[in-house]
Structure formats: C-alpha cells, structure tokens
$ cat target23.cif   # mmCIF, C-alpha atoms
data_query
loop_
_atom_site.group_PDB
_atom_site.id
_atom_site.type_symbol
_atom_site.label_atom_id
_atom_site.label_comp_id
_atom_site.auth_asym_id
_atom_site.auth_seq_id
_atom_site.Cartn_x
_atom_site.Cartn_y
_atom_site.Cartn_z
ATOM 1 C CA MET M 1 -2.790 -15.039 10.559
ATOM 2 C CA ASP M 2 -2.180 -11.450 11.722
ATOM 3 C CA GLY M 3 -3.545 -10.483 15.145
ATOM 4 C CA ASN M 4 -5.469 -7.488 13.710
ATOM 5 C CA ARG M 5 -8.840 -8.029 12.123
ATOM 6 C CA TYR M 6 -8.363 -5.403 9.426
ATOM 7 C CA ILE M 7 -5.567 -4.555 7.010
ATOM 8 C CA ASN M 8 -3.137 -1.823 8.004
ATOM 9 C CA PRO M 9 -3.494 0.814 5.232
ATOM 10 C CA TYR M 10 -0.116 2.335 6.166
ATOM 11 C CA THR M 11 1.648 -0.704 4.721
ATOM 12 C CA ASP M 12 2.629 -0.566 1.045
ATOM 13 C CA TYR M 13 0.736 -3.702 0.096
ATOM 14 C CA GLY M 14 -2.246 -2.891 2.307
ATOM 15 C CA PHE M 15 -2.801 0.561 0.825
ATOM 16 C CA LYS M 16 -2.380 -0.581 -2.768
ATOM 17 C CA TYR M 17 -4.666 -3.564 -2.153
ATOM 18 C CA LEU M 18 -7.433 -1.362 -0.728
ATOM 19 C CA PHE M 19 -7.216 1.523 -3.213
ATOM 20 C CA GLY M 20 -5.148 0.398 -6.179
ATOM 21 C CA THR M 21 -6.836 -2.783 -7.398
ATOM 22 C CA GLU M 22 -9.568 -3.107 -9.998
ATOM 23 C CA PRO M 23 -12.191 -4.727 -7.709
ATOM 24 C CA ASN M 24 -11.769 -1.917 -5.157
ATOM 25 C CA LYS M 25 -11.615 1.182 -7.360
ATOM 26 C CA GLU M 26 -15.122 2.129 -6.179
ATOM 27 C CA LEU M 27 -13.505 2.753 -2.792
ATOM 28 C CA THR M 28 -10.869 4.948 -4.428
ATOM 29 C CA LEU M 29 -13.537 6.958 -6.257
ATOM 30 C CA ASP M 30 -15.487 7.684 -3.079
ATOM 31 C CA PHE M 31 -12.319 8.494 -1.129
ATOM 32 C CA VAL M 32 -11.053 10.976 -3.735
ATOM 33 C CA ASN M 33 -14.438 12.695 -4.023
ATOM 34 C CA ALA M 34 -14.549 13.058 -0.243
ATOM 35 C CA LEU M 35 -11.170 14.808 -0.279
ATOM 36 C CA LEU M 36 -12.195 17.150 -3.100
ATOM 37 C CA GLN M 37 -15.179 18.253 -0.968
ATOM 38 C CA GLY M 38 -17.369 19.215 -3.911
ATOM 39 C CA ARG M 39 -14.773 21.231 -5.817
ATOM 40 C CA GLU M 40 -14.921 18.523 -8.454
ATOM 41 C CA VAL M 41 -17.209 15.486 -8.686
ATOM 42 C CA ILE M 42 -15.558 12.493 -10.314
ATOM 43 C CA LYS M 43 -17.969 9.990 -11.841
ATOM 44 C CA SER M 44 -15.618 7.135 -12.723
ATOM 45 C CA LEU M 45 -11.973 6.090 -12.432
ATOM 46 C CA THR M 46 -9.635 3.994 -14.526
ATOM 47 C CA LEU M 47 -6.535 2.569 -12.870
ATOM 48 C CA LEU M 48 -3.272 3.217 -14.718
ATOM 49 C CA PRO M 49 0.183 1.584 -14.464
ATOM 50 C CA SER M 50 1.863 2.967 -11.349
ATOM 51 C CA GLU M 51 5.400 3.027 -12.776
ATOM 52 C CA GLN M 52 6.240 6.087 -14.849
ATOM 53 C CA LEU M 53 9.404 6.291 -16.942
ATOM 54 C CA GLY M 54 11.334 9.374 -18.010
ATOM 55 C CA ASP M 55 11.709 10.505 -21.605
ATOM 56 C CA THR M 56 15.163 8.914 -21.920
ATOM 57 C CA GLU M 57 16.998 6.003 -20.331
ATOM 58 C CA ASP M 58 18.992 8.443 -18.201
ATOM 59 C CA ASP M 59 15.889 10.099 -16.752
ATOM 60 C CA ARG M 60 14.651 9.143 -13.313
ATOM 61 C CA ARG M 61 11.486 7.097 -13.031
ATOM 62 C CA SER M 62 8.690 7.278 -10.486
ATOM 63 C CA VAL M 63 6.478 4.628 -8.936
ATOM 64 C CA PHE M 64 3.172 5.852 -7.538
ATOM 65 C CA ASP M 65 1.210 4.004 -4.860
ATOM 66 C CA VAL M 66 -1.994 4.518 -6.865
ATOM 67 C CA TYR M 67 -2.336 6.188 -10.265
ATOM 68 C CA CYS M 68 -5.632 6.643 -12.100
ATOM 69 C CA GLU M 69 -7.641 8.939 -14.353
ATOM 70 C CA ASN M 70 -11.240 10.094 -14.300
ATOM 71 C CA GLU M 71 -13.816 10.116 -17.085
ATOM 72 C CA LYS M 72 -12.401 13.408 -18.441
ATOM 73 C CA GLY M 73 -8.845 12.136 -18.634
ATOM 74 C CA ASP M 74 -7.650 14.078 -15.574
ATOM 75 C CA LYS M 75 -4.830 12.227 -13.779
ATOM 76 C CA ILE M 76 -4.821 11.422 -10.060
ATOM 77 C CA ILE M 77 -1.774 10.360 -8.033
ATOM 78 C CA ILE M 78 -2.314 8.992 -4.508
ATOM 79 C CA GLU M 79 0.684 8.531 -2.209
ATOM 80 C CA MET M 80 0.865 7.125 1.316
ATOM 81 C CA GLN M 81 3.884 8.805 2.934
ATOM 82 C CA LYS M 82 4.730 6.884 6.096
ATOM 83 C CA ALA M 83 7.741 8.898 7.274
ATOM 84 C CA GLU M 84 8.812 12.514 7.146
ATOM 85 C CA GLN M 85 11.038 13.297 4.182
ATOM 86 C CA GLN M 86 13.088 16.463 3.869
ATOM 87 C CA TRP M 87 12.179 17.084 0.235
ATOM 88 C CA PHE M 88 8.642 15.679 0.269
ATOM 89 C CA LYS M 89 7.015 18.734 -1.288
ATOM 90 C CA ASP M 90 9.666 18.776 -4.005
ATOM 91 C CA ARG M 91 9.079 15.101 -4.661
ATOM 92 C CA SER M 92 5.319 15.507 -4.942
ATOM 93 C CA VAL M 93 5.787 18.352 -7.436
ATOM 94 C CA TYR M 94 8.296 16.236 -9.363
ATOM 95 C CA TYR M 95 5.866 13.309 -9.432
ATOM 96 C CA SER M 96 3.130 15.554 -10.807
ATOM 97 C CA SER M 97 5.384 16.419 -13.740
ATOM 98 C CA PHE M 98 5.121 12.895 -15.178
ATOM 99 C CA PRO M 99 1.391 12.999 -16.003
ATOM 100 C CA ILE M 100 1.860 16.567 -17.253
ATOM 101 C CA ARG M 101 4.682 15.678 -19.662
ATOM 102 C CA SER M 102 2.899 12.515 -20.822
ATOM 103 C CA GLN M 103 0.169 14.685 -22.368
ATOM 104 C CA GLY M 104 2.512 16.232 -24.906
ATOM 105 C CA GLU M 105 1.510 15.496 -28.483
ATOM 106 C CA LYS M 106 3.637 15.456 -31.613
ATOM 107 C CA GLY M 107 2.867 17.915 -34.350
ATOM 108 C CA LYS M 108 0.716 20.999 -33.944
ATOM 109 C CA TRP M 109 -0.287 20.782 -30.295
ATOM 110 C CA LEU M 110 -1.636 23.866 -28.539
ATOM 111 C CA PHE M 111 -0.639 22.756 -25.003
ATOM 112 C CA GLY M 112 -4.155 22.139 -23.732
ATOM 113 C CA LEU M 113 -3.698 20.039 -20.571
ATOM 114 C CA LYS M 114 -5.914 17.804 -18.514
ATOM 115 C CA ALA M 115 -5.926 18.425 -14.775
ATOM 116 C CA VAL M 116 -3.510 16.628 -12.435
ATOM 117 C CA TYR M 117 -4.309 15.880 -8.786
ATOM 118 C CA THR M 118 -1.673 14.735 -6.314
ATOM 119 C CA ILE M 119 -2.937 13.385 -2.992
ATOM 120 C CA GLY M 120 -0.480 12.832 -0.145
ATOM 121 C CA ILE M 121 -1.614 10.949 2.966
ATOM 122 C CA LEU M 122 1.070 11.930 5.465
ATOM 123 C CA ASN M 123 2.000 10.130 8.649
ATOM 124 C CA PHE M 124 3.774 13.308 9.787
ATOM 125 C CA VAL M 125 3.085 17.052 10.009
ATOM 126 C CA PHE M 126 4.666 19.950 8.153
ATOM 127 C CA ASP M 127 7.072 21.938 10.325
ATOM 128 C CA GLU M 128 5.505 25.258 9.355
ATOM 129 C CA ASP M 129 2.042 24.076 10.461
ATOM 130 C CA LYS M 130 2.941 22.045 13.529
ATOM 131 C CA ASP M 131 1.431 24.624 15.908
ATOM 132 C CA ASP M 132 -1.906 24.708 14.055
ATOM 133 C CA GLU M 133 -3.388 21.468 15.380
ATOM 134 C CA ASN M 134 -6.764 21.854 13.651
ATOM 135 C CA TYR M 135 -5.446 22.422 10.123
ATOM 136 C CA TYR M 136 -4.696 19.059 8.532
ATOM 137 C CA HIS M 137 -6.460 19.053 5.135
ATOM 138 C CA HIS M 138 -4.444 21.156 2.662
ATOM 139 C CA ILE M 139 -5.742 21.887 -0.828
ATOM 140 C CA VAL M 140 -3.034 23.707 -2.806
ATOM 141 C CA GLN M 141 -3.221 25.320 -6.256
ATOM 142 C CA LEU M 142 -1.216 27.965 -8.116
ATOM 143 C CA MET M 143 -2.277 31.376 -6.860
ATOM 144 C CA ASP M 144 -1.905 34.981 -7.959
ATOM 145 C CA VAL M 145 -0.220 36.271 -4.797
ATOM 146 C CA ASN M 146 -1.418 39.877 -5.144
ATOM 147 C CA LYS M 147 -5.044 39.076 -5.976
ATOM 148 C CA LYS M 148 -5.242 36.098 -3.569
ATOM 149 C CA LYS M 149 -7.087 34.154 -6.272
ATOM 150 C CA VAL M 150 -6.432 30.819 -7.957
ATOM 151 C CA PHE M 151 -4.367 31.503 -11.064
ATOM 152 C CA TYR M 152 -4.321 27.949 -12.454
ATOM 153 C CA ASP M 153 -6.776 25.262 -11.312
ATOM 154 C CA LYS M 154 -5.521 22.282 -13.299
ATOM 155 C CA LEU M 155 -2.739 21.444 -10.860
ATOM 156 C CA THR M 156 -3.960 20.505 -7.377
ATOM 157 C CA TYR M 157 -2.092 19.100 -4.384
ATOM 158 C CA ILE M 158 -4.040 17.657 -1.465
ATOM 159 C CA TYR M 159 -2.069 16.906 1.692
ATOM 160 C CA LEU M 160 -3.530 15.187 4.753
ATOM 161 C CA GLU M 161 -1.546 15.514 7.987
ATOM 162 C CA MET M 162 -2.929 12.388 9.639
ATOM 163 C CA PRO M 163 -1.329 12.823 13.114
ATOM 164 C CA LYS M 164 -3.418 15.986 13.539
ATOM 165 C CA PHE M 165 -6.706 14.212 12.860
ATOM 166 C CA ARG M 166 -7.982 13.351 16.339
ATOM 167 C CA LYS M 167 -11.748 13.298 15.902
ATOM 168 C CA THR M 168 -13.640 10.589 17.742
ATOM 169 C CA GLU M 169 -16.427 8.548 16.188
ATOM 170 C CA ASP M 170 -19.043 10.866 17.725
ATOM 171 C CA GLU M 171 -17.399 13.918 16.137
ATOM 172 C CA LEU M 172 -17.492 12.732 12.516
ATOM 173 C CA VAL M 173 -19.470 15.182 10.376
ATOM 174 C CA ASP M 174 -18.975 14.412 6.683
ATOM 175 C CA MET M 175 -17.449 11.820 4.366
ATOM 176 C CA THR M 176 -14.025 13.443 4.627
ATOM 177 C CA ASP M 177 -14.087 12.948 8.392
ATOM 178 C CA LYS M 178 -15.295 9.379 8.013
ATOM 179 C CA TRP M 179 -12.610 8.369 5.527
ATOM 180 C CA LEU M 180 -9.814 9.930 7.589
ATOM 181 C CA TYR M 181 -11.130 8.283 10.748
ATOM 182 C CA THR M 182 -11.251 4.929 8.948
ATOM 183 C CA LEU M 183 -7.716 5.200 7.574
ATOM 184 C CA LYS M 184 -6.213 6.299 10.869
ATOM 185 C CA ASN M 185 -7.967 3.767 13.084
ATOM 186 C CA LEU M 186 -8.462 0.738 10.838
ATOM 187 C CA PRO M 187 -5.614 -1.405 12.260
ATOM 188 C CA ARG M 188 -7.031 -0.997 15.799
ATOM 189 C CA LEU M 189 -10.709 -1.562 15.043
ATOM 190 C CA LEU M 190 -12.417 -4.781 16.052
ATOM 191 C CA GLU M 191 -15.596 -4.092 14.105
ATOM 192 C CA ARG M 192 -17.167 -1.550 11.806
ATOM 193 C CA PRO M 193 -18.030 1.655 13.751
ATOM 194 C CA ASN M 194 -21.701 2.604 14.020
ATOM 195 C CA ALA M 195 -21.011 6.032 12.500
ATOM 196 C CA LEU M 196 -19.924 4.444 9.219
ATOM 197 C CA GLN M 197 -23.251 3.189 7.903
ATOM 198 C CA GLU M 198 -22.871 4.265 4.272
ATOM 199 C CA ARG M 199 -22.893 1.475 1.683
ATOM 200 C CA ILE M 200 -19.342 2.262 0.604
ATOM 201 C CA PHE M 201 -18.079 1.430 4.091
ATOM 202 C CA SER M 202 -19.941 -1.869 4.016
ATOM 203 C CA LYS M 203 -17.781 -2.821 1.063
ATOM 204 C CA PHE M 204 -14.640 -1.296 2.542
ATOM 205 C CA PHE M 205 -14.794 -3.237 5.799
ATOM 206 C CA GLU M 206 -15.618 -6.409 3.895
ATOM 207 C CA VAL M 207 -12.535 -6.209 1.661
ATOM 208 C CA ALA M 208 -10.340 -4.930 4.510
ATOM 209 C CA GLU M 209 -10.696 -8.170 6.483
ATOM 210 C CA VAL M 210 -7.296 -9.819 6.847
ATOM 211 C CA ALA M 211 -9.055 -13.195 6.897
ATOM 212 C CA ALA M 212 -10.437 -12.516 3.405
ATOM 213 C CA LEU M 213 -6.947 -12.462 1.857
ATOM 214 C CA SER M 214 -5.776 -15.480 -0.082
ATOM 215 C CA LYS M 215 -2.605 -17.252 1.080
ATOM 216 C CA GLU M 216 -0.592 -15.479 -1.610
ATOM 217 C CA GLU M 217 -2.104 -12.086 -0.765
ATOM 218 C CA TYR M 218 -1.567 -12.612 2.943
ATOM 219 C CA ALA M 219 2.100 -13.560 2.414
ATOM 220 C CA LYS M 220 2.655 -10.274 0.550
ATOM 221 C CA TYR M 221 0.720 -8.312 3.141
ATOM 222 C CA TRP M 222 2.567 -9.925 6.056
ATOM 223 C CA GLU M 223 5.931 -9.081 4.487
ATOM 224 C CA SER M 224 4.793 -5.501 3.875
ATOM 225 C CA GLU M 225 3.584 -5.162 7.460
ATOM 226 C CA LYS M 226 6.872 -6.508 8.771
ATOM 227 C CA VAL M 227 8.743 -3.853 6.787
ATOM 228 C CA PHE M 228 6.342 -1.199 8.130
ATOM 229 C CA TYR M 229 6.956 -2.106 11.776
ATOM 230 C CA ASP M 230 10.708 -2.504 11.218
ATOM 231 C CA ASN M 231 10.762 1.013 9.767
ATOM 232 C CA GLN M 232 8.621 2.339 12.607
ATOM 233 C CA GLY M 233 11.085 0.870 15.083
ATOM 234 C CA ALA M 234 14.004 2.417 13.232
ATOM 235 C CA PHE M 235 12.302 5.836 13.160
ATOM 236 C CA MET M 236 11.497 5.657 16.872
ATOM 237 C CA THR M 237 15.081 4.657 17.668
ATOM 238 C CA ALA M 238 16.448 7.528 15.588
ATOM 239 C CA ASP M 239 14.063 9.961 17.280
ATOM 240 C CA TYR M 240 15.042 8.680 20.727
ATOM 241 C CA LYS M 241 18.757 8.906 19.965
ATOM 242 C CA GLY M 242 18.283 12.379 18.566
ATOM 243 C CA TYR M 243 16.321 13.421 21.650
ATOM 244 C CA THR M 244 18.897 11.891 24.019
ATOM 245 C CA ARG M 245 21.782 13.471 22.134
ATOM 246 C CA GLY M 246 19.978 16.807 22.217
ATOM 247 C CA VAL M 247 19.442 16.566 25.976
ATOM 248 C CA VAL M 248 23.072 15.646 26.620
ATOM 249 C CA GLU M 249 24.379 18.334 24.315
ATOM 250 C CA GLY M 250 21.967 20.837 25.815
ATOM 251 C CA GLU M 251 23.056 20.003 29.359
ATOM 252 C CA ALA M 252 26.732 20.230 28.400
ATOM 253 C CA LYS M 253 26.143 23.551 26.670
ATOM 254 C CA GLY M 254 24.218 24.793 29.704
ATOM 255 C CA ARG M 255 27.029 23.799 32.070
ATOM 256 C CA ALA M 256 29.635 25.487 29.874
ATOM 257 C CA GLU M 257 27.560 28.669 29.647
ATOM 258 C CA GLY M 258 27.083 28.594 33.426
ATOM 259 C CA ILE M 259 30.815 28.315 34.021
ATOM 260 C CA GLU M 260 31.516 31.194 31.645
ATOM 261 C CA GLU M 261 28.873 33.376 33.300
ATOM 262 C CA ASN M 262 30.354 32.546 36.710
ATOM 263 C CA LYS M 263 33.796 33.623 35.455
ATOM 264 C CA ARG M 264 32.371 36.907 34.182
ATOM 265 C CA GLU M 265 30.566 37.597 37.478
ATOM 266 C CA ASN M 266 33.745 36.978 39.491
ATOM 267 C CA ALA M 267 35.668 39.211 37.107
ATOM 268 C CA ARG M 268 33.135 42.029 37.595
ATOM 269 C CA ARG M 269 33.586 41.815 41.348
ATOM 270 C CA MET M 270 37.406 41.799 41.071
ATOM 271 C CA LYS M 271 37.243 44.750 38.684
ATOM 272 C CA THR M 272 35.023 46.631 41.137
ATOM 273 C CA ASP M 273 37.574 45.940 43.883
ATOM 274 C CA GLY M 274 40.228 47.597 41.730
ATOM 275 C CA MET M 275 42.192 44.557 40.552
ATOM 276 C CA SER M 276 44.074 44.950 37.269
ATOM 277 C CA ALA M 277 42.815 43.260 34.118
ATOM 278 C CA GLU M 278 46.015 41.195 33.933
ATOM 279 C CA LEU M 279 45.527 39.828 37.442
ATOM 280 C CA ILE M 280 41.848 39.138 36.872
ATOM 281 C CA ALA M 281 42.781 37.254 33.696
ATOM 282 C CA LYS M 282 45.240 35.142 35.666
ATOM 283 C CA TYR M 283 42.586 34.016 38.173
ATOM 284 C CA THR M 284 39.542 33.672 35.871
ATOM 285 C CA GLY M 285 41.011 32.528 32.559
ATOM 286 C CA LEU M 286 39.221 35.319 30.712
ATOM 287 C CA SER M 287 41.116 37.466 28.217
ATOM 288 C CA THR M 288 41.944 41.050 29.016
ATOM 289 C CA GLU M 289 39.669 42.087 26.115
ATOM 290 C CA GLN M 290 36.723 40.259 27.723
ATOM 291 C CA ILE M 291 37.503 41.821 31.102
ATOM 292 C CA ASN M 292 37.774 45.356 29.698
ATOM 293 C CA ALA M 293 34.397 44.862 27.999
ATOM 294 C CA LEU M 294 32.641 44.059 31.280
#

$ encode --input "target23.cif" --output "structure tokens"
Amino acid sequence: MDGNRYINPYTDYGFKYLFGTEPNKELTLDFVNALLQGREVIKSLTLLPSEQLGDTEDDRRSVFDVYCENEKGDKIIIEMQKAEQQWFKDRSVYYSSFPIRSQGEKGKWLFGLKAVYTIGILNFVFDEDKDDENYYHHIVQLMDVNKKKVFYDKLTYIYLEMPKFRKTEDELVDMTDKWLYTLKNLPRLLERPNALQERIFSKFFEVAEVAALSKEEYAKYWESEKVFYDNQGAFMTADYKGYTRGVVEGEAKGRAEGIEENKRENARRMKTDGMSAELIAKYTGLSTEQINAL
C-alpha cells in the first residue's frame, strides 16, 4: 500500500473519491458552504453526471471533477487544477456555460436562470496577484464597474490559490481555514490535527484513509497518484530548464551588452582625443552613425 496514511486530494481519483461520490457528498456540502462564507447557505446537494456534451456532435464537451446542484437547482462545478494553464480563466468561464445553456427550455421561456457556481482549487497563483501573498480566496461576480456593485449575482467564480495558504494549525480561525489546511496538508499528515474537532472532519479523516480503500479503489488511486507525481516531475523539469535557459541567455545578453558599452566608452575617449569617426569605426567596429551620436 501507499506510504502515506491519507489520500492525496490533488490526484484526480483522490479528489473525486473524497468529494464526488454519493457516500461522501456531506463532505462536499460542508466544503462548499465554507467557501461561500455565509453568502449562501446550501442545505443539500445532489451529484450530477460530470461529463457535459455540447448541443451538437461538433461541439466540444467538458468533464468536471465534481458537478452537483443544491436544493434550489443551482449548479455547482468544482475543479482541482493541479498545474498552471495559460487560458484557465477562459476555461472556467467556458465550463460555466454548460450548466447555463442546459437550463434553456423549449417554447415560451422567459430566461429565468438558476445560479451557477464554479470553484477552482488551484495549485498555482495568478500572475497579477503573485505579489499579494495574503490574498488567496477570490470570489468573483459580474460587477457594475462605475458603481462598484454586483450587477448579476447568479454567476459566481471562487478561486483558491493554494500555494499562498500558509497558515499553521494554531492559526486556523474558521471552517474555510480548516478546509484549506486539510486539503493542502492531507498527504503529509500522520493523524487528524487537534484543531479539526468538528464532526465533519471525523468523517473526512475516516474516509480519507488509504487503508480503507478496496483493492479496486486502491488500484485506481495508485495509478492516479503515479500520474500526479509523473506530471509534477515533468513540471519541475520544465521549470528548471526554463530557469537554466533564462540564466544562460541572461548572462550571454549581459556579456554582449557589456562589450557594446565598452566599445562605446572607448569611442567616446577616441572622439575626445580628436580621432575621426572613420578611424574610430575601424578600431571599435561601431558604425559612423553610432559614433556621431555619442
């Protein structure tokens, strides 16, 4: 069996097992309510098929990690995004279009829509917010830019930049903190932390035990974990190569700029000594135009 006591929620199978299965939807309900932070209180959830098809055979399809609806019929998409993706925001907006379009009715329909929530658990940070280390829980809705007020509250995107969440067990304040701490640290934990005494975490840590998986479940989880670590290795290698290439290119660029600056400095001195531009060009390799501009 795996060396870790608890399931890694960053694996595809692990996350779907913990939050996308019928026996565990109570965990999903509590997790979603924690992220909404009182803006909406969901009383019950129904899991829905995760694969969504387009209107025609030529349309693209989407496969959500977890897809469900609450007691009012509002749709909730939950995605675990393990690696940075250039068009991630575009993709999350595109994904939200499927539960919107699925509400269309034939005949005389007045376009009344149920709300759609898209939750992204990100194992990366947004470039535009990378310098704001304490801002990791985004709640995004359509806004009237001039009035700075929510214009439309039925379309909500919640993004969690997990690398920024660095709270220790002693710093956990509310259920949002506790769920984020659990998700981020679960693969490394040896036992349930003392700060997580709520009943929901009793169930969570019980079902998250790797040893509790059946042979069939463990085989799927092991394969998913292998893919996760293979991808992590590939990402780290790409980052290292990119860093190394950047250093080499930066050093080469720096040397070239240094040589050019040295040529210009020598040319200034020759020009001060009264040498002609043509002669300076011969000894420095600069053009007469560059020399005259000095």

$ resolve_selection --input "target23.cif" --expression "the PyMOL selection byres ((chain M and resi 112-120) around 7)" --output "short mmCIF file (atom, residue, chain, number, x, y, z; two decimals) with C-alpha atoms, in the coordinates of the input"
data_model
loop_
_atom_site.label_atom_id
_atom_site.label_comp_id
_atom_site.auth_asym_id
_atom_site.auth_seq_id
_atom_site.Cartn_x
_atom_site.Cartn_y
_atom_site.Cartn_z
CA GLY M 73 -8.85 12.14 -18.63
CA ASP M 74 -7.65 14.08 -15.57
CA LYS M 75 -4.83 12.23 -13.78
CA ILE M 76 -4.82 11.42 -10.06
CA ILE M 77 -1.77 10.36 -8.03
CA ILE M 78 -2.31 8.99 -4.51
CA GLU M 79 0.68 8.53 -2.21
CA MET M 80 0.86 7.12 1.32
CA GLN M 81 3.88 8.80 2.93
CA SER M 96 3.13 15.55 -10.81
CA GLN M 103 0.17 14.68 -22.37
CA LEU M 110 -1.64 23.87 -28.54
CA PHE M 111 -0.64 22.76 -25.00
CA ILE M 121 -1.61 10.95 2.97
CA LEU M 122 1.07 11.93 5.46
CA LYS M 154 -5.52 22.28 -13.30
CA LEU M 155 -2.74 21.44 -10.86
CA THR M 156 -3.96 20.50 -7.38
CA TYR M 157 -2.09 19.10 -4.38
CA ILE M 158 -4.04 17.66 -1.46
CA TYR M 159 -2.07 16.91 1.69
CA LEU M 160 -3.53 15.19 4.75
#

$ atom_distance --input "target23.cif" --atom1 "atom CA of Ser214 of chain M" --atom2 "atom CA of Gln197 of chain M"
26.8 Å

$ resolve_selection --input "target23.cif" --expression "the PyMOL selection byres ((chain M and resi 11-25) around 8)" --output "list in words"
Ile7, Asn8, Pro9, Tyr10, Glu26, Leu27, Thr28, Leu29, Leu45, Thr46, Leu47, Asp65, Val66, Tyr67, Met80, Phe204, Val207, Ala208, Lys220, Tyr221, Ser224, Glu225 and Phe228 of chain M

$ atom_distance --input "target23.cif" --atom1 "atom CA of Arg5 of chain M" --atom2 "atom CA of Lys215 of chain M"
15.7 Å

$ resolve_selection --input "target23.cif" --expression "the PyMOL selection byres ((chain M and resi 50) around 6)" --output "list in words"
Pro49, Glu51, Val63, Phe64 and Tyr67 of chain M

$ write_last_selection --input "target23.cif" --atoms "C-alpha atoms" --output "PDB file, keeping the file's coordinate frame"
ATOM      1  CA  PRO M  49       0.183   1.584 -14.464  1.00  0.00           C
ATOM      2  CA  GLU M  51       5.400   3.027 -12.776  1.00  0.00           C
ATOM      3  CA  VAL M  63       6.478   4.628  -8.936  1.00  0.00           C
ATOM      4  CA  PHE M  64       3.172   5.852  -7.538  1.00  0.00           C
ATOM      5  CA  TYR M  67      -2.336   6.188 -10.265  1.00  0.00           C
TER       6      TYR M  67
END

$ atom_distance --input "target23.cif" --atom1 "atom CA of Phe151 of chain M" --atom2 "atom CA of Glu84 of chain M"
29.4 Å

$ residues_around --input "target23.cif" --residues "Leu196 of chain M" --least-positions-apart "2" --cutoff "10 Å" --atoms "only C-alpha atoms" --output "count of residues only"
16

$ residues_around --input "target23.cif" --residues "Lys263 of chain M" --least-positions-apart "2" --cutoff "8 Å" --atoms "all atoms listed in the file" --output "PDB file with C-alpha atoms, in the frame of the given file"
ATOM      1  CA  ILE M 259      30.815  28.315  34.021  1.00  0.00           C
ATOM      2  CA  GLU M 260      31.516  31.194  31.645  1.00  0.00           C
ATOM      3  CA  GLU M 261      28.873  33.376  33.300  1.00  0.00           C
ATOM      4  CA  GLU M 265      30.566  37.597  37.478  1.00  0.00           C
ATOM      5  CA  ASN M 266      33.745  36.978  39.491  1.00  0.00           C
ATOM      6  CA  ALA M 267      35.668  39.211  37.107  1.00  0.00           C
ATOM      7  CA  THR M 284      39.542  33.672  35.871  1.00  0.00           C
ATOM      8  CA  GLY M 285      41.011  32.528  32.559  1.00  0.00           C
ATOM      9  CA  LEU M 286      39.221  35.319  30.712  1.00  0.00           C
TER      10      LEU M 286
END

$ axis_aligned_box --input "target23.cif" --around "segment 275-289 of chain M" --padding-each-side "6 Å" --output "JSON"
{"center_x": 42.6, "center_y": 38.7, "center_z": 33.3, "size_x": 18.8, "size_y": 24.4, "size_z": 26.4}

$ closest_residue --input "target23.cif" --among "M:Thr176, M:Glu217, M:Tyr135, M:Val145" --to "Gly38 of chain M" --atoms "all atoms listed in the file"
M:Thr176

$ closest_residue --input "target23.cif" --among "M:Gly104, M:Pro163, M:Pro187, M:Pro99" --to "Glu133 of chain M" --atoms "all atoms listed in the file"
M:Pro163

$ closest_residue --input "target23.cif" --among "M:Asp30, M:Glu71, M:Asp127, M:Asp230" --to "Phe88 of chain M" --atoms "all atoms listed in the file"
M:Asp127

$ closest_residue --input "target23.cif" --among "M:Tyr229, M:Phe31, M:Tyr136, M:Phe98" --to "Asp174 of chain M" --atoms "all atoms listed in the file"
M:Phe31

$ decode --input "target23.cif" --residues "segment 75-92 of chain M" --atoms "C-alpha atoms" --output "JSON list (two decimals), in the first residue's frame"
[["chain", "number", "residue", "atom", "x", "y", "z"],
["M", 75, "LYS", "CA", -25.45, 24.22, -10.26],
["M", 76, "ILE", "CA", -22.00, 23.87, -8.70],
["M", 77, "ILE", "CA", -18.81, 22.94, -10.57],
["M", 78, "ILE", "CA", -15.71, 22.02, -8.54],
["M", 79, "GLU", "CA", -12.35, 21.72, -10.30],
["M", 80, "MET", "CA", -8.95, 20.74, -8.93],
["M", 81, "GLN", "CA", -6.40, 22.49, -11.16],
["M", 82, "LYS", "CA", -3.00, 20.93, -10.50],
["M", 83, "ALA", "CA", -0.89, 22.95, -12.93],
["M", 84, "GLU", "CA", -0.90, 26.48, -14.27],
["M", 85, "GLN", "CA", -2.75, 26.82, -17.56],
["M", 86, "GLN", "CA", -2.48, 29.84, -19.82],
["M", 87, "TRP", "CA", -6.21, 30.06, -20.51],
["M", 88, "PHE", "CA", -7.50, 28.80, -17.15],
["M", 89, "LYS", "CA", -9.87, 31.71, -16.56],
["M", 90, "ASP", "CA", -11.25, 31.33, -20.07],
["M", 91, "ARG", "CA", -11.74, 27.63, -19.49],
["M", 92, "SER", "CA", -13.58, 28.14, -16.22]]
